[in-house]
Structure formats: C-alpha cells, structure tokens
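A.B. asks: Input my_file10.txt, format and content: compact mmCIF, C-alpha atoms.
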# COMPACT_ATOMS: atom_id res chain seq x y z
CA MET A 15 104.20 85.63 115.74
CA ASN A 16 106.59 87.38 113.37
CA ALA A 17 109.51 89.04 115.20
CA ALA A 18 109.51 92.02 112.84
CA THR A 19 105.79 92.53 113.53
CA ASP A 20 106.45 92.38 117.28
CA GLN A 21 109.17 95.01 116.97
CA LEU A 22 106.92 97.18 114.85
CA ILE A 23 104.16 97.04 117.46
CA GLU A 24 106.59 97.96 120.23
CA ARG A 25 107.80 100.93 118.21
CA LEU A 26 104.27 102.09 117.39
CA ALA A 27 103.17 101.71 121.02
CA ARG A 28 106.14 103.85 122.11
CA ASP A 29 105.23 106.50 119.50
CA GLY A 30 101.52 106.39 120.32
CA GLU A 31 101.04 109.82 121.78
CA THR A 32 97.57 111.29 122.43
CA VAL A 33 95.56 112.10 119.31
CA ARG A 34 92.36 114.12 119.06
CA PRO A 35 89.64 111.89 117.60
CA LEU A 36 87.81 113.36 114.62
CA ARG A 37 84.20 114.36 115.07
CA SER A 38 81.57 112.53 113.05
CA PRO A 39 81.61 113.10 109.27
CA VAL A 40 78.20 114.80 109.47
CA VAL A 41 79.48 117.41 111.92
CA ARG A 42 82.69 117.96 109.97
CA ALA A 43 80.86 118.22 106.64
CA THR A 44 78.33 120.64 108.13
CA LEU A 45 81.10 122.90 109.41
CA ALA A 46 82.84 122.80 106.02
CA LEU A 47 79.55 123.55 104.22
CA ILE A 48 78.82 126.49 106.53
CA ILE A 49 82.19 128.01 105.65
CA LEU A 50 81.58 127.38 101.93
CA ALA A 51 78.10 128.91 102.23
CA LEU A 52 79.45 132.00 103.96
CA LEU A 53 82.13 132.47 101.29
CA SER A 54 79.62 131.90 98.49
CA GLY A 55 77.00 134.16 100.07
CA PHE A 56 79.53 136.93 100.57
CA THR A 57 80.68 136.69 96.93
CA ILE A 58 77.10 136.72 95.60
CA LEU A 59 76.00 139.61 97.77
CA MET A 60 79.08 141.65 96.90
CA ALA A 61 79.20 141.07 93.15
CA GLY A 62 76.27 138.91 92.02
CA ASP A 63 73.56 140.08 89.63
CA ILE A 64 70.45 138.88 91.43
CA THR A 65 68.15 141.25 89.53
CA GLY A 66 69.48 140.01 86.16
CA LEU A 67 68.95 136.43 87.23
CA ARG A 68 65.33 137.15 88.22
CA ALA A 69 64.72 138.94 84.92
CA HIS A 70 66.20 136.11 82.89
CA TYR A 71 64.06 133.49 84.55
CA ALA A 72 60.88 135.61 84.73
CA GLY A 73 57.97 133.24 84.27
CA ARG A 74 60.23 130.22 84.70
CA GLU A 75 60.96 130.59 88.36
CA THR A 76 60.11 126.95 89.05
CA LEU A 77 62.73 125.75 86.54
CA LEU A 78 65.28 128.13 88.02
CA ALA A 79 64.50 127.00 91.55
CA MET A 80 64.73 123.33 90.62
CA GLU A 81 67.97 123.79 88.70
CA MET A 82 69.61 125.70 91.51
CA LEU A 83 68.28 123.28 94.08
CA ALA A 84 69.79 120.40 92.08
CA MET A 85 73.15 122.21 91.96
CA LEU A 86 73.05 122.94 95.64
CA SER A 87 72.02 119.37 96.47
CA THR A 88 74.89 118.04 94.34
CA ALA A 89 77.31 120.27 96.22
CA ILE A 90 75.97 119.38 99.68
CA VAL A 91 75.70 115.63 99.06
CA ALA A 92 79.13 115.50 97.37
CA VAL A 93 80.81 117.29 100.28
CA LEU A 94 79.00 115.08 102.79
CA ALA A 95 79.98 111.98 100.82
CA ALA A 96 83.61 113.13 100.65
CA PHE A 97 83.74 113.38 104.46
CA PHE A 98 82.16 109.95 104.85
CA ALA A 99 84.49 108.42 102.24
CA SER A 100 87.52 109.80 104.09
CA ILE A 101 86.80 107.58 107.12
CA PRO A 102 87.65 103.85 106.91
CA GLY A 103 84.72 101.45 107.06
CA ARG A 104 81.89 103.81 106.14
CA SER A 105 79.32 102.74 103.58
CA ARG A 106 80.55 102.61 99.98
CA ARG A 107 77.13 103.83 98.90
CA TRP A 108 78.27 107.35 99.71
CA LEU A 109 80.48 107.21 96.63
CA ALA A 110 77.42 107.17 94.36
CA ALA A 111 75.20 109.42 96.49
CA PRO A 112 75.68 112.66 94.49
CA VAL A 113 75.10 111.02 91.07
CA PRO A 114 71.26 111.38 90.97
CA PHE A 115 71.51 115.06 91.90
CA LEU A 116 74.24 115.59 89.31
CA LEU A 117 72.09 114.02 86.59
CA LEU A 118 69.11 116.10 87.69
CA TRP A 119 71.23 119.26 87.57
CA PHE A 120 72.52 118.63 84.03
CA GLY A 121 69.08 117.49 82.90
CA LEU A 122 67.43 120.66 84.17
CA SER A 123 70.21 122.81 82.69
CA GLY A 124 69.59 121.10 79.35
CA ALA A 125 65.89 121.84 79.70
CA GLY A 126 66.77 125.48 80.42
CA CYS A 127 68.85 125.64 77.23
CA LEU A 128 65.98 124.25 75.17
CA ALA A 129 63.61 126.81 76.71
CA ASP A 130 66.05 129.57 75.72
CA LEU A 131 66.22 128.20 72.19
CA SER A 132 62.44 128.42 71.86
CA ARG A 133 62.42 132.02 73.11
CA ALA A 134 65.18 133.43 70.90
CA PRO A 135 67.86 132.36 68.40
CA PRO A 136 70.87 130.75 70.03
CA ALA A 137 73.62 133.05 71.15
CA THR A 138 77.16 132.66 69.93
CA GLY A 139 78.47 130.96 73.01
CA VAL A 140 81.07 133.65 73.65
CA VAL A 141 80.26 133.48 77.33
CA SER A 142 81.65 129.95 77.50
CA GLY A 143 85.24 131.02 78.06
CA ARG A 144 84.22 133.33 80.90
CA CYS A 145 82.13 130.59 82.50
CA LEU A 146 85.05 128.19 82.30
CA LEU A 147 87.38 130.68 83.91
CA PHE A 148 84.78 131.54 86.55
CA ILE A 149 84.27 127.91 87.57
CA PHE A 150 88.04 127.29 87.59
CA GLY A 151 88.75 130.48 89.54
CA THR A 152 86.02 129.97 92.13
CA SER A 153 86.95 126.32 92.55
CA ALA A 154 90.60 127.27 93.03
CA ALA A 155 89.53 129.74 95.72
CA LEU A 156 87.22 127.34 97.58
CA ALA A 157 89.12 124.06 97.19
CA PRO A 158 92.00 124.68 99.64
CA TRP A 159 89.62 124.99 102.60
CA LEU A 160 87.74 121.81 101.79
CA ILE A 161 90.93 119.88 100.97
CA PHE A 162 92.45 121.03 104.24
CA ARG A 163 89.42 119.73 106.17
CA LEU A 164 89.31 116.43 104.27
CA ALA A 165 93.03 115.81 104.64
CA ARG A 166 92.65 115.78 108.43
CA ALA A 167 91.33 112.22 108.11
CA ARG A 168 94.39 111.10 106.10
CA PRO A 169 92.13 109.01 103.84
CA ILE A 170 93.42 105.51 103.16
CA GLU A 171 91.79 105.71 99.73
CA PRO A 172 92.28 109.32 98.66
CA LEU A 173 91.01 109.12 95.06
CA PRO A 174 87.24 108.91 95.73
CA VAL A 175 87.57 111.52 98.47
CA ALA A 176 89.29 113.90 96.03
CA LEU A 177 86.73 113.22 93.29
CA LEU A 178 83.77 113.81 95.61
CA GLY A 179 85.38 116.90 97.10
CA GLY A 180 86.07 118.17 93.57
CA LEU A 181 82.44 117.63 92.61
CA GLY A 182 81.27 119.48 95.71
CA ILE A 183 83.53 122.42 94.90
CA ALA A 184 82.63 122.48 91.20
CA ALA A 185 78.90 122.36 91.98
CA THR A 186 79.27 125.20 94.48
CA SER A 187 81.17 127.24 91.87
CA ALA A 188 78.47 126.54 89.27
CA PHE A 189 75.83 127.63 91.77
CA ILE A 190 77.64 130.93 92.38
CA LEU A 191 78.09 131.32 88.61
CA GLN A 192 74.31 131.53 88.20
CA PHE A 193 74.43 134.96 89.81
CA PHE A 194 77.06 136.21 87.36
CA HIS A 195 75.84 134.52 84.22
CA ALA A 196 75.04 136.06 80.83
CA PRO A 197 71.33 136.19 80.18
CA ARG A 198 71.19 133.37 77.66
CA LEU A 199 72.59 129.83 77.79
CA THR A 200 73.35 127.79 74.69
CA MET A 201 74.05 124.10 74.47
CA ILE A 202 77.71 124.98 73.94
CA ASP A 203 77.66 126.91 77.19
CA LEU A 204 76.12 123.93 78.93
CA LEU A 205 78.77 121.64 77.47
CA VAL A 206 81.45 124.06 78.66
CA HIS A 207 79.89 123.95 82.13
CA ILE A 208 80.04 120.17 82.08
CA VAL A 209 83.64 120.25 80.86
CA ALA A 210 84.53 122.78 83.57
CA VAL A 211 82.96 120.67 86.31
CA ALA A 212 84.59 117.51 84.94
CA SER A 213 87.95 119.31 84.75
CA VAL A 214 87.79 120.46 88.37
CA VAL A 215 86.83 116.96 89.48
CA GLY A 216 89.55 115.45 87.26
CA ILE A 217 92.29 117.82 88.45
CA LEU A 218 91.52 117.14 92.10
CA GLY A 219 91.32 113.43 91.28
CA LEU A 220 94.77 113.52 89.68
CA LEU A 221 96.20 115.41 92.64
CA ASN A 222 94.53 113.11 95.17
CA ARG A 223 97.71 111.75 96.74
CA PRO A 224 99.72 114.95 97.12
CA LEU A 225 96.64 116.77 98.42
CA LEU A 226 95.18 114.18 100.77
CA ALA A 227 97.64 111.39 101.53
CA ARG A 228 99.63 113.02 104.28
CA PRO A 229 102.41 110.90 105.77
CA MET B 54 104.84 90.41 124.24
CA THR B 55 103.39 87.93 121.83
CA THR B 56 99.99 87.11 123.20
CA SER B 57 96.73 88.67 122.30
CA GLY B 58 96.40 91.89 124.23
CA ASN B 59 92.66 91.75 123.83
CA GLU B 60 92.48 88.47 125.73
CA GLU B 61 94.94 89.73 128.33
CA SER B 62 93.17 92.97 129.07
CA GLY B 63 89.68 91.60 128.53
CA ALA B 64 88.62 94.93 127.04
CA PRO B 65 86.78 95.18 123.73
CA LEU B 66 88.92 96.32 120.83
CA GLY B 67 87.06 99.59 120.48
CA ASP B 68 87.72 100.51 124.12
CA LEU B 69 91.41 99.70 123.74
CA LEU B 70 91.65 101.96 120.70
CA VAL B 71 89.84 104.79 122.48
CA ALA B 72 92.31 104.43 125.38
CA ALA B 73 95.15 104.43 122.83
CA GLN B 74 93.80 107.66 121.34
CA HIS B 75 94.21 109.16 124.80
CA GLY B 76 97.86 108.13 124.95
CA ASP B 77 97.61 104.82 126.85
CA ALA B 78 100.62 102.94 125.43
CA ASP B 79 99.71 99.60 127.07
CA ALA B 80 96.19 99.70 125.67
CA TYR B 81 97.60 100.61 122.28
CA ARG B 82 100.08 97.72 122.38
CA ALA B 83 97.30 95.32 123.43
CA PHE B 84 95.07 96.63 120.67
CA LEU B 85 97.73 96.20 117.97
CA PHE B 86 98.52 92.64 119.08
CA ALA B 87 94.82 91.80 119.18
CA VAL B 88 94.35 93.13 115.66
CA ILE B 89 96.92 90.77 114.10
CA PRO B 90 94.80 87.58 113.83
CA PHE B 91 91.93 89.51 112.30
CA ALA B 92 94.25 91.35 109.89
CA ARG B 93 95.93 88.09 108.91
CA ALA B 94 92.58 86.37 108.29
CA VAL B 95 91.30 89.21 106.10
CA ALA B 96 94.62 89.49 104.24
CA ARG B 97 94.71 85.75 103.52
CA ARG B 98 91.51 86.04 101.50
CA ARG B 99 93.23 88.34 99.01
CA CYS B 100 96.94 87.49 99.17
CA TRP B 101 98.36 84.20 97.97
CA SER B 102 101.71 84.04 99.76
CA GLY B 103 102.66 84.05 103.43
CA ASP B 104 105.20 86.83 102.88
CA MET B 105 102.56 88.98 101.31
CA VAL B 106 100.17 88.39 104.20
CA GLU B 107 102.83 89.48 106.70
CA ASP B 108 103.59 92.57 104.59
CA VAL B 109 99.90 93.43 104.61
CA VAL B 110 99.68 92.91 108.38
CA GLN B 111 102.61 95.27 108.94
CA ASP B 112 101.22 97.83 106.48
CA THR B 113 97.91 97.59 108.29
CA LEU B 114 99.56 98.30 111.65
CA LEU B 115 101.33 101.33 110.20
CA THR B 116 98.08 102.59 108.66
CA ILE B 117 96.19 102.10 111.93
CA HIS B 118 98.86 104.21 113.61
CA ARG B 119 98.40 106.93 110.98
CA VAL B 120 94.59 107.01 111.05
CA ARG B 121 93.80 105.98 114.63
CA HIS B 122 92.22 109.40 115.20
CA THR B 123 89.46 108.54 112.67
CA TYR B 124 87.89 105.87 114.87
CA GLU B 125 84.76 107.21 116.49
CA ALA B 126 84.13 105.90 120.02
CA GLY B 127 81.08 103.68 120.22
CA ARG B 128 81.01 102.70 116.57
CA PRO B 129 81.69 99.07 115.51
CA ILE B 130 85.42 98.58 115.11
CA LYS B 131 85.45 95.60 112.74
CA PRO B 132 84.28 97.52 109.64
CA TRP B 133 86.88 100.21 110.39
CA LEU B 134 89.62 97.60 110.70
CA ALA B 135 88.45 95.52 107.75
CA ALA B 136 88.43 98.56 105.46
CA ILE B 137 92.07 99.25 106.35
CA VAL B 138 93.22 95.65 105.86
CA VAL B 139 91.34 95.28 102.58
CA ARG B 140 92.82 98.52 101.25
CA ARG B 141 96.35 97.47 102.23
CA SER B 142 95.77 94.02 100.68
CA ILE B 143 94.64 95.57 97.41
CA ASP B 144 97.70 97.83 97.43
CA ALA B 145 99.96 94.81 98.06
CA VAL B 146 98.41 92.80 95.23
CA ARG B 147 98.70 95.74 92.82
CA ARG B 148 102.31 96.32 93.88
CA ARG B 149 103.11 92.65 93.29
CA GLU B 150 101.42 92.74 89.87
CA ARG B 151 103.31 95.89 88.89
CA LEU B 152 106.60 94.26 89.87
CA GLY B 153 105.61 91.11 87.99
CA ARG B 154 105.01 93.13 84.84
CA ARG B 155 108.35 94.95 85.10
CA GLU B 156 110.54 91.99 86.03
CA VAL B 157 110.32 89.73 82.98
CA HIS B 158 112.55 86.65 82.84
CA ASP B 159 114.79 87.06 79.81
CA ALA B 160 117.14 84.18 79.02
CA VAL B 161 119.12 86.39 76.62
CA ALA B 162 119.94 88.73 79.51
CA LEU B 163 121.91 85.89 81.12
CA GLU B 164 124.31 85.59 78.16
CA THR B 165 127.82 86.71 78.96
CA PHE B 166 130.01 84.83 76.48
CA ALA B 167 130.23 84.96 72.70
CA ASP B 168 130.13 81.18 72.47
CA PRO B 169 126.43 80.25 72.75
CA ALA B 170 127.32 76.91 74.34
CA ALA B 171 129.14 78.67 77.15
CA ASN B 172 125.93 80.45 78.12
CA GLU B 173 123.96 77.28 78.55
CA PRO B 174 123.11 77.03 82.23
CA THR B 175 123.62 73.26 82.10
CA GLY B 176 127.13 73.56 80.59
CA ALA B 177 128.80 74.41 83.87
CA ASP B 178 126.92 71.64 85.64
CA ASN B 179 127.99 69.09 83.02
CA ARG B 180 131.58 70.17 83.32
CA ARG B 181 131.48 69.81 87.09
CA SER B 182 129.94 66.35 86.72
CA VAL B 183 132.71 65.20 84.38
CA GLU B 184 135.37 66.62 86.69
CA ARG B 185 133.82 64.80 89.62
CA MET B 186 133.64 61.51 87.69
CA THR B 187 137.20 61.63 86.41
CA ALA B 188 138.71 62.73 89.74
CA SER B 189 139.51 59.15 90.69
CA LEU B 190 141.43 58.44 87.43
CA SER B 191 145.17 58.72 87.05
CA GLN B 192 146.64 61.73 85.24
CA GLY B 193 147.27 59.70 82.06
CA GLN B 194 143.81 58.12 82.07
CA ARG B 195 142.09 61.46 82.64
CA GLU B 196 144.08 63.06 79.82
CA ALA B 197 143.25 60.20 77.45
CA ILE B 198 139.52 60.35 78.25
CA GLU B 199 139.44 64.11 77.89
CA LEU B 200 141.22 64.21 74.53
CA VAL B 201 139.65 61.19 72.84
CA LYS B 202 136.18 60.84 74.44
CA ILE B 203 135.29 64.39 75.36
CA ARG B 204 137.07 66.49 72.75
CA GLU B 205 136.66 63.67 70.20
CA MET B 206 140.20 63.91 68.84
CA THR B 207 141.65 61.11 66.77
CA LEU B 208 144.15 58.83 68.51
CA ALA B 209 146.97 60.28 66.38
CA ASP B 210 146.03 63.88 67.29
CA ALA B 211 145.58 62.97 70.94
CA SER B 212 148.98 61.25 70.89
CA ARG B 213 150.59 64.38 69.51
CA ALA B 214 148.78 66.61 71.99
CA SER B 215 149.53 64.53 75.06
CA GLY B 216 152.92 62.98 74.20
CA GLN B 217 151.48 59.53 74.98
CA SER B 218 151.85 56.80 72.37
CA VAL B 219 148.71 55.60 70.57
CA ALA B 220 149.02 52.22 72.32
CA SER B 221 149.30 53.82 75.73
CA LEU B 222 146.29 56.03 74.97
CA LYS B 223 144.25 52.92 74.09
CA VAL B 224 145.30 51.21 77.32
CA ASN B 225 144.55 54.29 79.42
CA ILE B 226 141.13 54.73 77.82
CA HIS B 227 140.29 51.05 78.34
CA ARG B 228 141.31 51.13 82.02
CA ALA B 229 139.59 54.45 82.62
CA MET B 230 136.30 53.24 81.15
CA LYS B 231 136.50 50.05 83.17
CA LYS B 232 137.09 52.04 86.34
CA LEU B 233 134.27 54.47 85.61
CA ARG B 234 131.84 51.63 84.86
CA SER B 235 132.70 49.93 88.10
CA GLU B 236 132.40 53.19 90.07
CA PHE B 237 129.17 54.51 88.54
CA GLY B 238 127.55 51.15 87.82
CA ARG B 239 126.72 51.68 84.15
CA GLY B 240 127.09 48.86 81.67
CA ASP B 241 126.09 50.65 78.49
CA GLY B 242 129.54 50.75 76.95
CA GLU B 243 131.53 53.72 75.85
Please render this file's structure as structure tokens.

C.D. replies:
Amino acid sequence: MNAATDQLIERLARDGETVRPLRSPVVRATLALIILALLSGFTILMAGDITGLRAHYAGRETLLAMEMLAMLSTAIVAVLAAFFASIPGRSRRWLAAPVPFLLLWFGLSGAGCLADLSRAPPATGVVSGRCLLFIFGTSAALAPWLIFRLARARPIEPLPVALLGGLGIAATSAFILQFFHAPRLTMIDLLVHIVAVASVVGILGLLNRPLLARP
Amino acid sequence: MTTSGNEESGAPLGDLLVAAQHGDADAYRAFLFAVIPFARAVARRRCWSGDMVEDVVQDTLLTIHRVRHTYEAGRPIKPWLAAIVVRRSIDAVRRRERLGRREVHDAVALETFADPAANEPTGADNRRSVERMTASLSQGQREAIELVKIREMTLADASRASGQSVASLKVNIHRAMKKLRSEFGRGDGE
C-alpha cells in the first residue's frame, strides 16, 4: 500500500463529516421541472398571446399540438437526462435521450414553415432578432435555477450535464416563445430558432466547469 | 491501517458508504481502503505506468470524498465507483498527453557554449575517461601524451610548449603508451 494513499485516506476519514444524500434523479428533476413550469406558466398567463396563437394555428391545431408537445418533451427529457448524467454510474443512454424529441421538434417546425409558405408569401424575417433575444433572455432567467440544482451533484463530467441542461432550458424558452410569437414563421425564423437553441446549449457547454464543477 | 476495511468490517461497500454519509469515520476509512484494489484494477486497464495508476487512485479517493452524497442507498455501488475511476483515468491520460505535447525534447535547447563540440553530451564523458586513464602517468608522461596524442601537436611545437626536449618527449610518450597498454589491456598500438 502506498504511504501517501494511506495518509490521504486518514485525512479524508477525519474530514468525513455527515452529508445529506441526494434524492433520486427522477425526484430532483421533477422538482426542478415543477419550478420551471410554474415560472413558464406565470410568464405565459401574464404576458402571452394565447388568442393570437389559436388564431394563427386555426385549422392546424394538430400540427400546433404536436410541435408544442415535441418542444415540451425535449425540455422534460433533457432536464431529466441532465439530472441522471450528473450522478456517477448512471446509464450513458440518457445522453442521447432528448435527441429524437429534438429532431421531431425541428421537423414539425419545418413543416409549420412550409404550411405558412403555402398560405401566404414569406414574411421578411424581421421577427428573427426578437425571437433570438427572447430565447436568450428567457434562458438567462431560467438557467440559474436549473444550474443551481444540477450543481448540487458536483458532476464528475460536467460537460454533458451542462449541454443537456442547456437544451432543457432552450426548449422551455422556445415553448414559452410560442405564446409571444409573430403570426408567421419563415425558414429564416426557424433557422434563427435553431441558432438560438444551439447558442444557449453551446454557452452553457462552454461554461460547464465554472458553473457545475464546484470544489 | 493498511488492510482492506471491507474484509475487516465484513459490511458490503454500499453499507459502509451509507454509514460514511452519516458521519461514521471508521466506516468511511474502511470503505476508502476497500475501494483501493478495485480502483487500481480499473485504472490499470487505462493507464500504462504504475505512477499514473497511483495518481488515479488518489484522484479517485478525492473525488469520492467530493461526491459521496450522490450515492443512493440500495443501488449497486460498483457502477458508481467504476464511473468515478474511469473518469479520473481518462483525465490522467489526457493530462499526460497534454504534457507530452508541450514538453518536446530539443537538443538545441541544451547548447550553452559557442563551440559546437563543447555542447556534445559525450564530450565531457570522453574528457573524464582520458583524465581517469592518464591519472597513473607521471607529470611529464601525461603532458607529452596530452600535447602530442590528444592535441596532435608536432614534437617541435610540443617541445616548445612543455619545455621538454624532443627526445624526452619521445621517451615519455613511449613509456606512457606502454603503461596504458599494460593497464587497460589493449594491444592495438597508438
């Protein structure tokens, strides 16, 4: 046995005060999602344009429902996956869990854009900047809570946790954006949405260590 | 304490860690000691040197200390432990590779003298060898060997430099070579 290792163990055993074990990732993710849902619901009820959304999707309610369900599923599964990824030894499959929902979301959004194109000439895409700012702003408002909850686990591999958390936040922001959106979406708008989501995920990914790797 | 705490206490690793989470220092010590063989075995699969394996084991112990609150009682402990050791092993390998890329051996960086021959790593060794070999010679013989055989001066120049006559230089060289041959057992002439 290495003497330095022996000394290290003695020191750690001396410093080993009581710690509160974390609850299961499902419970922790559910609590985090409830808080996110309350914040999102409050924002939508206070300032969202639910009537405008209904009018825009009149006759295409199924598409709207599927698109929003895909967004919501991406957010929920990404947040759940982030909590699982933050605990050592959990299945690596969680890392890819949100991908099908993400693809479904962008696919349905693309279908929505094409439907808009067939109904009227494409808009100028001036709403893109506002969408970008909205997703950034909402993500910035929601992220601290989720990061705080995820950091409790002190993930040994913070990058995937940050990426998944970022995706969960960006998808939630995009979901809320639906209630504030301009009536017509162009392909440029969709691309801006994708860039916005990718940027939020990328920024949190870049900041993974300072945000999550607590000493 | 250098024995496996797990064997001593007879408790499963998971139970020891749960007790450690509740502040039981003895259980924690036993758990950490019991973890070492497993950590070493997992680390050996990814690390190629003994030093690296020990670094990984110590990093693993520190990480366990930092994240011991993430173990959920009742769940299998081996996947939890293995994930930590594997992560620390990957970090160690990457760290070693990064260092390897930065620290390039550069022979030019060892040069300190304007004379290229003086920078040859073997030059100093050769000089020490000659000094060792000629240590047993007399002052006159050593001087004659150094001037004529090593510095390759002519007999006339060596005579002027040393003050010895040409004849005495020849005699000293002859005796020195004879002595060196007898001492170092070489018969291949001058």

A.B. asks: What lies within 6 Å of Ala185 in chain A using all atoms listed in the file, ignoring chain neighbours under 4 positions off, as a CSV table (one decimal) with C-alpha atoms, keeping the file's coordinate frame?

C.D. replies:
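For reference, result-v8.csv as written:
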chain,number,residue,atom,x,y,z
A,85,MET,CA,73.2,122.2,92.0
A,89,ALA,CA,77.3,120.3,96.2
A,181,LEU,CA,82.4,117.6,92.6

A.B. asks: State, in Å with one decimal place, the distance from CA of Leu146 in chain A to CA of Ile49 in chain A.

C.D. replies: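 Atom-to-atom, CA of Leu146 in chain A to CA of Ile49 in chain A, that is 23.5 Å.
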
A.B. asks: For chain A against chain B, with a cut-off of 10 Å and counting all atoms listed in the file, what is the closest atom pair and its distance in Å to one decimal for every residue that makes the cut, ordered by chain and number, as JSON lines?

C.D. replies:
{"residue": "A:Met15", "atom": "CA", "partner": "B:Thr55", "partner_atom": "CA", "distance": 6.6}
{"residue": "A:Asn16", "atom": "CA", "partner": "B:Glu107", "partner_atom": "CA", "distance": 7.9}
{"residue": "A:Ala17", "atom": "CA", "partner": "B:Thr55", "partner_atom": "CA", "distance": 9.1}
{"residue": "A:Ala18", "atom": "CA", "partner": "B:Gln111", "partner_atom": "CA", "distance": 8.6}
{"residue": "A:Thr19", "atom": "CA", "partner": "B:Gln111", "partner_atom": "CA", "distance": 6.2}
{"residue": "A:Asp20", "atom": "CA", "partner": "B:Thr55", "partner_atom": "CA", "distance": 7.1}
{"residue": "A:Gln21", "atom": "CA", "partner": "B:Met54", "partner_atom": "CA", "distance": 9.6}
{"residue": "A:Leu22", "atom": "CA", "partner": "B:Gln111", "partner_atom": "CA", "distance": 7.6}
{"residue": "A:Ile23", "atom": "CA", "partner": "B:Arg82", "partner_atom": "CA", "distance": 6.4}
{"residue": "A:Glu24", "atom": "CA", "partner": "B:Arg82", "partner_atom": "CA", "distance": 6.9}
{"residue": "A:Arg25", "atom": "CA", "partner": "B:Arg82", "partner_atom": "CA", "distance": 9.3}
{"residue": "A:Leu26", "atom": "CA", "partner": "B:His118", "partner_atom": "CA", "distance": 6.9}
{"residue": "A:Ala27", "atom": "CA", "partner": "B:Arg82", "partner_atom": "CA", "distance": 5.2}
{"residue": "A:Arg28", "atom": "CA", "partner": "B:Ala78", "partner_atom": "CA", "distance": 6.5}
{"residue": "A:Asp29", "atom": "CA", "partner": "B:Ala78", "partner_atom": "CA", "distance": 8.3}
{"residue": "A:Gly30", "atom": "CA", "partner": "B:Gly76", "partner_atom": "CA", "distance": 6.2}
{"residue": "A:Glu31", "atom": "CA", "partner": "B:Gly76", "partner_atom": "CA", "distance": 4.8}
{"residue": "A:Thr32", "atom": "CA", "partner": "B:Gly76", "partner_atom": "CA", "distance": 4.1}
{"residue": "A:Val33", "atom": "CA", "partner": "B:Gln74", "partner_atom": "CA", "distance": 5.2}
{"residue": "A:Arg34", "atom": "CA", "partner": "B:His122", "partner_atom": "CA", "distance": 6.1}
{"residue": "A:Pro35", "atom": "CA", "partner": "B:His122", "partner_atom": "CA", "distance": 4.3}
{"residue": "A:Leu36", "atom": "CA", "partner": "B:Thr123", "partner_atom": "CA", "distance": 5.5}
{"residue": "A:Arg37", "atom": "CA", "partner": "B:Glu125", "partner_atom": "CA", "distance": 7.3}
{"residue": "A:Ser38", "atom": "CA", "partner": "B:Glu125", "partner_atom": "CA", "distance": 7.1}
{"residue": "A:Pro39", "atom": "CA", "partner": "B:Thr123", "partner_atom": "CA", "distance": 9.7}
{"residue": "A:Ser100", "atom": "CA", "partner": "B:Thr123", "partner_atom": "CA", "distance": 8.9}
{"residue": "A:Ile101", "atom": "CA", "partner": "B:Thr123", "partner_atom": "CA", "distance": 6.2}
{"residue": "A:Pro102", "atom": "CA", "partner": "B:Trp133", "partner_atom": "CA", "distance": 5.1}
{"residue": "A:Gly103", "atom": "CA", "partner": "B:Trp133", "partner_atom": "CA", "distance": 4.2}
{"residue": "A:Arg104", "atom": "CA", "partner": "B:Trp133", "partner_atom": "CA", "distance": 7.5}
{"residue": "A:Ser105", "atom": "CA", "partner": "B:Pro132", "partner_atom": "CA", "distance": 9.4}
{"residue": "A:Arg166", "atom": "CA", "partner": "B:Thr123", "partner_atom": "CA", "distance": 9.0}
{"residue": "A:Ala167", "atom": "CA", "partner": "B:Thr123", "partner_atom": "CA", "distance": 6.2}
{"residue": "A:Arg168", "atom": "CA", "partner": "B:Val120", "partner_atom": "CA", "distance": 6.4}
{"residue": "A:Pro169", "atom": "CA", "partner": "B:Val120", "partner_atom": "CA", "distance": 7.9}
{"residue": "A:Ile170", "atom": "CA", "partner": "B:Ile137", "partner_atom": "CA", "distance": 7.2}
{"residue": "A:Glu171", "atom": "CA", "partner": "B:Arg140", "partner_atom": "CA", "distance": 7.4}
{"residue": "A:Arg228", "atom": "CA", "partner": "B:Arg119", "partner_atom": "CA", "distance": 9.1}
{"residue": "A:Pro229", "atom": "CA", "partner": "B:Arg119", "partner_atom": "CA", "distance": 7.7}

A.B. asks: If we count only C-alpha atoms and set the cut-off at 12 Å, which residues sit around Gly193 in chain B, ignoring sequence neighbours fewer than 2 positions away in its own chain? Please answer as a list in words.

C.D. replies: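 Here the qualifying residues turn out to be Thr187, Ala188, Ser189, Leu190, Ser191, Arg195, Glu196, Ala197, Ile198, Glu199, Leu200, Ala211, Ser212, Ser215, Gly216, Gln217, Ser218, Ser221, Leu222, Lys223, Val224, Asn225, Ile226, His227, Arg228 and Ala229 of chain B.
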
A.B. asks: So the first atom is CA of Ala157 in chain A and the second is CA of Val209 in chain A; what is the distance between them in Å, to one decimal place?

C.D. replies: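 One can read the CA of Ala157 in chain A to CA of Val209 in chain A distance as 17.6 Å.
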
A.B. asks: Give me, as a ChimeraX atom specification, all polymer residues having an atom no more than 10 Å from Phe194 in chain A, counting all atoms listed in the file and skipping those fewer than 4 positions away in the same chain.

C.D. replies: /A:58,61-64,66-67,145,148,188-190

A.B. asks: Is it possible to get the residues within 12 Å of (92.0, 119.5, 104.5) (coordinates as in the file, counting only C-alpha atoms) written as number ranges by chain?

C.D. replies: A: 42-43, 46, 96-97, 100, 156-169, 172, 175-176, 179, 222, 224-228

A.B. asks: Would you mind exporting the chosen residues as a CSV table (one decimal), in the frame of the given file, restricted to C-alpha atoms?

C.D. replies:
chain,number,residue,atom,x,y,z
A,42,ARG,CA,82.7,118.0,110.0
A,43,ALA,CA,80.9,118.2,106.6
A,46,ALA,CA,82.8,122.8,106.0
A,96,ALA,CA,83.6,113.1,100.6
A,97,PHE,CA,83.7,113.4,104.5
A,100,SER,CA,87.5,109.8,104.1
A,156,LEU,CA,87.2,127.3,97.6
A,157,ALA,CA,89.1,124.1,97.2
A,158,PRO,CA,92.0,124.7,99.6
A,159,TRP,CA,89.6,125.0,102.6
A,160,LEU,CA,87.7,121.8,101.8
A,161,ILE,CA,90.9,119.9,101.0
A,162,PHE,CA,92.4,121.0,104.2
A,163,ARG,CA,89.4,119.7,106.2
A,164,LEU,CA,89.3,116.4,104.3
A,165,ALA,CA,93.0,115.8,104.6
A,166,ARG,CA,92.6,115.8,108.4
A,167,ALA,CA,91.3,112.2,108.1
A,168,ARG,CA,94.4,111.1,106.1
A,169,PRO,CA,92.1,109.0,103.8
A,172,PRO,CA,92.3,109.3,98.7
A,175,VAL,CA,87.6,111.5,98.5
A,176,ALA,CA,89.3,113.9,96.0
A,179,GLY,CA,85.4,116.9,97.1
A,222,ASN,CA,94.5,113.1,95.2
A,224,PRO,CA,99.7,115.0,97.1
A,225,LEU,CA,96.6,116.8,98.4
A,226,LEU,CA,95.2,114.2,100.8
A,227,ALA,CA,97.6,111.4,101.5
A,228,ARG,CA,99.6,113.0,104.3

A.B. asks: In Å, rounded to a single decimal, give me how far CA of Val214 in chain A is from CA of Ala125 in chain A.

C.D. replies: 23.6 Å

A.B. asks: Select, from A:Leu220, A:Ala99, A:Val93, A:Leu78, the residue with the minimum atom-to-atom distance to Ala184 in chain A, counting only C-alpha atoms.

C.D. replies: A:Val93

A.B. asks: A:Ile202, A:Leu191, A:Leu45, A:Leu50: which is nearest Leu128 in chain A, counting all atoms listed in the file?

C.D. replies: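 Of A:Ile202, A:Leu191, A:Leu45, A:Leu50, the one nearest Leu128 in chain A is A:Ile202, counting all atoms listed in the file.
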